[in-house]
Amino acid sequence: CFYLMMMKMCHFTSGKIGYEDIRIPSRTKCEISLWDLMTLLREEEQRRFSNDFLRRCDEFVLAGNPNGYIEAVEELQNNVAQDLGYTEDRIQVAVEAMRTAHIMYPDDEEIQRISVYVRENKAHMGSIKMGDKVPLVKLCDLQLKDANLQGIVQDSPWTVLIASSQS
């Protein structure tokens, strides 16, 4: 028997397991100059932290679409590229460059610092391994009532954790 419970986790988990060494094999060089890429990233950063954008992301969550912010980010990135003069046939190249800048320039400290994805990503490797005892993790449900992970899974022989974050 499976139960679906929507919970907000108040604990860091190992969200990056398996993604440590992702590289884009089809690209060895960014198709946009470093100067232009930095301009795109700075504009994306300014817009992503604007009150209007943050309010829009909150509206998705309140409307029952907690992953709607992904659509909002995609739209924002497309708008940034378009507003900075990229033509229809180059917008996707600019968006891909924004999303992969930290991979294309792994040793560039400024890219690593300015890339919103890298700087604001709170996922880390964590220490939980298969077979470990379920940790005492504080949770709160969608009504903000306190709960804990051990209490939820204590009678289950198998537990699969799927978590996401609210940005």
# chains A, B, ... in the order shown; residues from 1 in each chain; ligands from 1
call {"tool": "residues_around", "arguments": {"residues": "Glu59 in chain A", "least_positions_apart": "6", "cutoff": "12 Å", "atoms": "only C-alpha atoms", "output": "number ranges by chain"}}
result
A: 52-53, 65-69, 72
call {"tool": "select_by_dssp", "arguments": {"residues": "range 32-147 of chain A", "states": "strand (DSSP E)", "output": "list in words"}}
result
Lys138, Leu139, Cys140, Asp141, Asp146 and Ala147 of chain A
call {"tool": "residues_around", "arguments": {"residues": "Leu76 in chain A", "least_positions_apart": "3", "cutoff": "12 Å", "atoms": "only C-alpha atoms", "output": "NGL selection string"}}
result
:A and (40-41 or 43-50 or 52-54 or 56-57 or 69-73 or 79-83 or 91 or 95 or 98)
call {"tool": "write_last_selection", "arguments": {"atoms": "N, CA, C and O atoms", "output": "compact mmCIF listing (two decimals), in the first residue's frame"}}
result
# COMPACT_ATOMS: atom_id res chain seq x y z
N LEU A 40 24.09 38.28 -19.58
CA LEU A 40 22.87 37.47 -19.43
C LEU A 40 22.68 37.04 -17.98
O LEU A 40 21.58 37.16 -17.42
N LEU A 41 23.74 36.54 -17.36
CA LEU A 41 23.64 36.05 -15.99
C LEU A 41 23.32 37.16 -15.00
O LEU A 41 22.52 36.97 -14.08
N GLU A 43 21.68 39.95 -15.64
CA GLU A 43 20.29 40.35 -15.85
C GLU A 43 19.34 39.30 -15.29
O GLU A 43 18.32 39.64 -14.68
N GLU A 44 19.67 38.02 -15.50
CA GLU A 44 18.83 36.95 -14.93
C GLU A 44 18.79 37.07 -13.41
O GLU A 44 17.72 36.98 -12.81
N GLU A 45 19.93 37.30 -12.80
CA GLU A 45 19.99 37.42 -11.35
C GLU A 45 19.11 38.57 -10.86
O GLU A 45 18.32 38.41 -9.93
N GLN A 46 19.22 39.71 -11.50
CA GLN A 46 18.43 40.88 -11.09
C GLN A 46 16.94 40.58 -11.18
O GLN A 46 16.18 40.88 -10.26
N ARG A 47 16.51 39.95 -12.25
CA ARG A 47 15.09 39.66 -12.43
C ARG A 47 14.59 38.55 -11.51
O ARG A 47 13.47 38.59 -11.02
N ARG A 48 15.43 37.54 -11.26
CA ARG A 48 14.99 36.42 -10.43
C ARG A 48 14.80 36.81 -8.97
O ARG A 48 14.07 36.15 -8.24
N PHE A 49 15.44 37.87 -8.54
CA PHE A 49 15.27 38.30 -7.16
C PHE A 49 14.38 39.53 -7.05
O PHE A 49 14.28 40.12 -5.98
N SER A 50 13.70 39.86 -8.13
CA SER A 50 12.77 40.99 -8.08
C SER A 50 11.51 40.57 -7.32
O SER A 50 11.14 39.40 -7.31
N ASP A 52 8.47 41.16 -8.08
CA ASP A 52 7.45 40.66 -9.01
C ASP A 52 7.64 39.18 -9.30
O ASP A 52 6.69 38.40 -9.30
N PHE A 53 8.89 38.78 -9.57
CA PHE A 53 9.15 37.38 -9.89
C PHE A 53 8.91 36.48 -8.68
O PHE A 53 8.29 35.42 -8.80
N LEU A 54 9.37 36.90 -7.52
CA LEU A 54 9.18 36.10 -6.31
C LEU A 54 7.70 35.95 -5.98
O LEU A 54 7.23 34.88 -5.58
N ARG A 56 5.30 36.00 -8.18
CA ARG A 56 4.75 35.07 -9.18
C ARG A 56 5.02 33.62 -8.79
O ARG A 56 4.15 32.76 -8.94
N CYS A 57 6.20 33.34 -8.30
CA CYS A 57 6.52 31.98 -7.84
C CYS A 57 5.61 31.58 -6.68
O CYS A 57 5.14 30.45 -6.62
N TYR A 69 7.26 27.28 -10.62
CA TYR A 69 8.37 28.22 -10.71
C TYR A 69 9.32 27.83 -11.83
O TYR A 69 10.00 28.68 -12.41
N ILE A 70 9.37 26.53 -12.17
CA ILE A 70 10.25 26.09 -13.25
C ILE A 70 9.80 26.73 -14.57
O ILE A 70 10.61 27.21 -15.35
N GLU A 71 8.49 26.76 -14.79
CA GLU A 71 7.95 27.43 -15.97
C GLU A 71 8.26 28.92 -15.92
O GLU A 71 8.59 29.53 -16.95
N ALA A 72 8.14 29.51 -14.74
CA ALA A 72 8.41 30.94 -14.59
C ALA A 72 9.87 31.25 -14.89
O ALA A 72 10.18 32.26 -15.54
N VAL A 73 10.79 30.41 -14.43
CA VAL A 73 12.22 30.62 -14.68
C VAL A 73 12.50 30.49 -16.18
O VAL A 73 13.24 31.29 -16.75
N ASN A 79 12.86 35.67 -21.77
CA ASN A 79 12.66 37.12 -21.83
C ASN A 79 13.98 37.88 -21.71
O ASN A 79 14.19 38.89 -22.37
N VAL A 80 14.86 37.40 -20.83
CA VAL A 80 16.17 38.04 -20.67
C VAL A 80 16.91 38.01 -22.00
O VAL A 80 17.42 39.04 -22.47
N ALA A 81 16.95 36.85 -22.63
CA ALA A 81 17.66 36.73 -23.91
C ALA A 81 17.03 37.63 -24.97
O ALA A 81 17.74 38.35 -25.69
N GLN A 82 15.72 37.61 -25.05
CA GLN A 82 15.03 38.43 -26.05
C GLN A 82 15.26 39.92 -25.79
O GLN A 82 15.57 40.68 -26.70
N ASP A 83 15.13 40.33 -24.53
CA ASP A 83 15.30 41.75 -24.19
C ASP A 83 16.73 42.24 -24.41
O ASP A 83 16.96 43.44 -24.61
N ILE A 91 17.77 32.62 -29.16
CA ILE A 91 17.29 32.68 -27.78
C ILE A 91 17.60 31.38 -27.05
O ILE A 91 18.10 31.40 -25.92
N VAL A 95 19.71 30.84 -23.60
CA VAL A 95 19.13 30.20 -22.41
C VAL A 95 19.99 29.01 -21.98
O VAL A 95 20.29 28.84 -20.80
N MET A 98 23.02 30.25 -20.19
CA MET A 98 22.75 30.66 -18.80
C MET A 98 22.67 29.44 -17.89
O MET A 98 23.16 29.46 -16.77
call {"tool": "atom_distance", "arguments": {"atom1": "CA of Ala101 in chain A", "atom2": "CA of Asn78 in chain A"}}
result
15.6 Å
call {"tool": "residues_around", "arguments": {"residues": "Glu109 in chain A", "least_positions_apart": "5", "cutoff": "12 Å", "atoms": "only C-alpha atoms", "output": "PyMOL selection string"}}
result
chain A and resi 38+101-103+114-115+118-119
call {"tool": "atom_distance", "arguments": {"atom1": "CA of Gly64 in chain A", "atom2": "CA of Arg99 in chain A"}}
result
26.1 Å
call {"tool": "select_by_dssp", "arguments": {"residues": "range 32-162 of chain A", "states": "helix (DSSP H, G or I)", "output": "PyMOL selection string"}}
result
chain A and resi 34-48+51-62+68-83+88-104+109-114+116-120+149-153
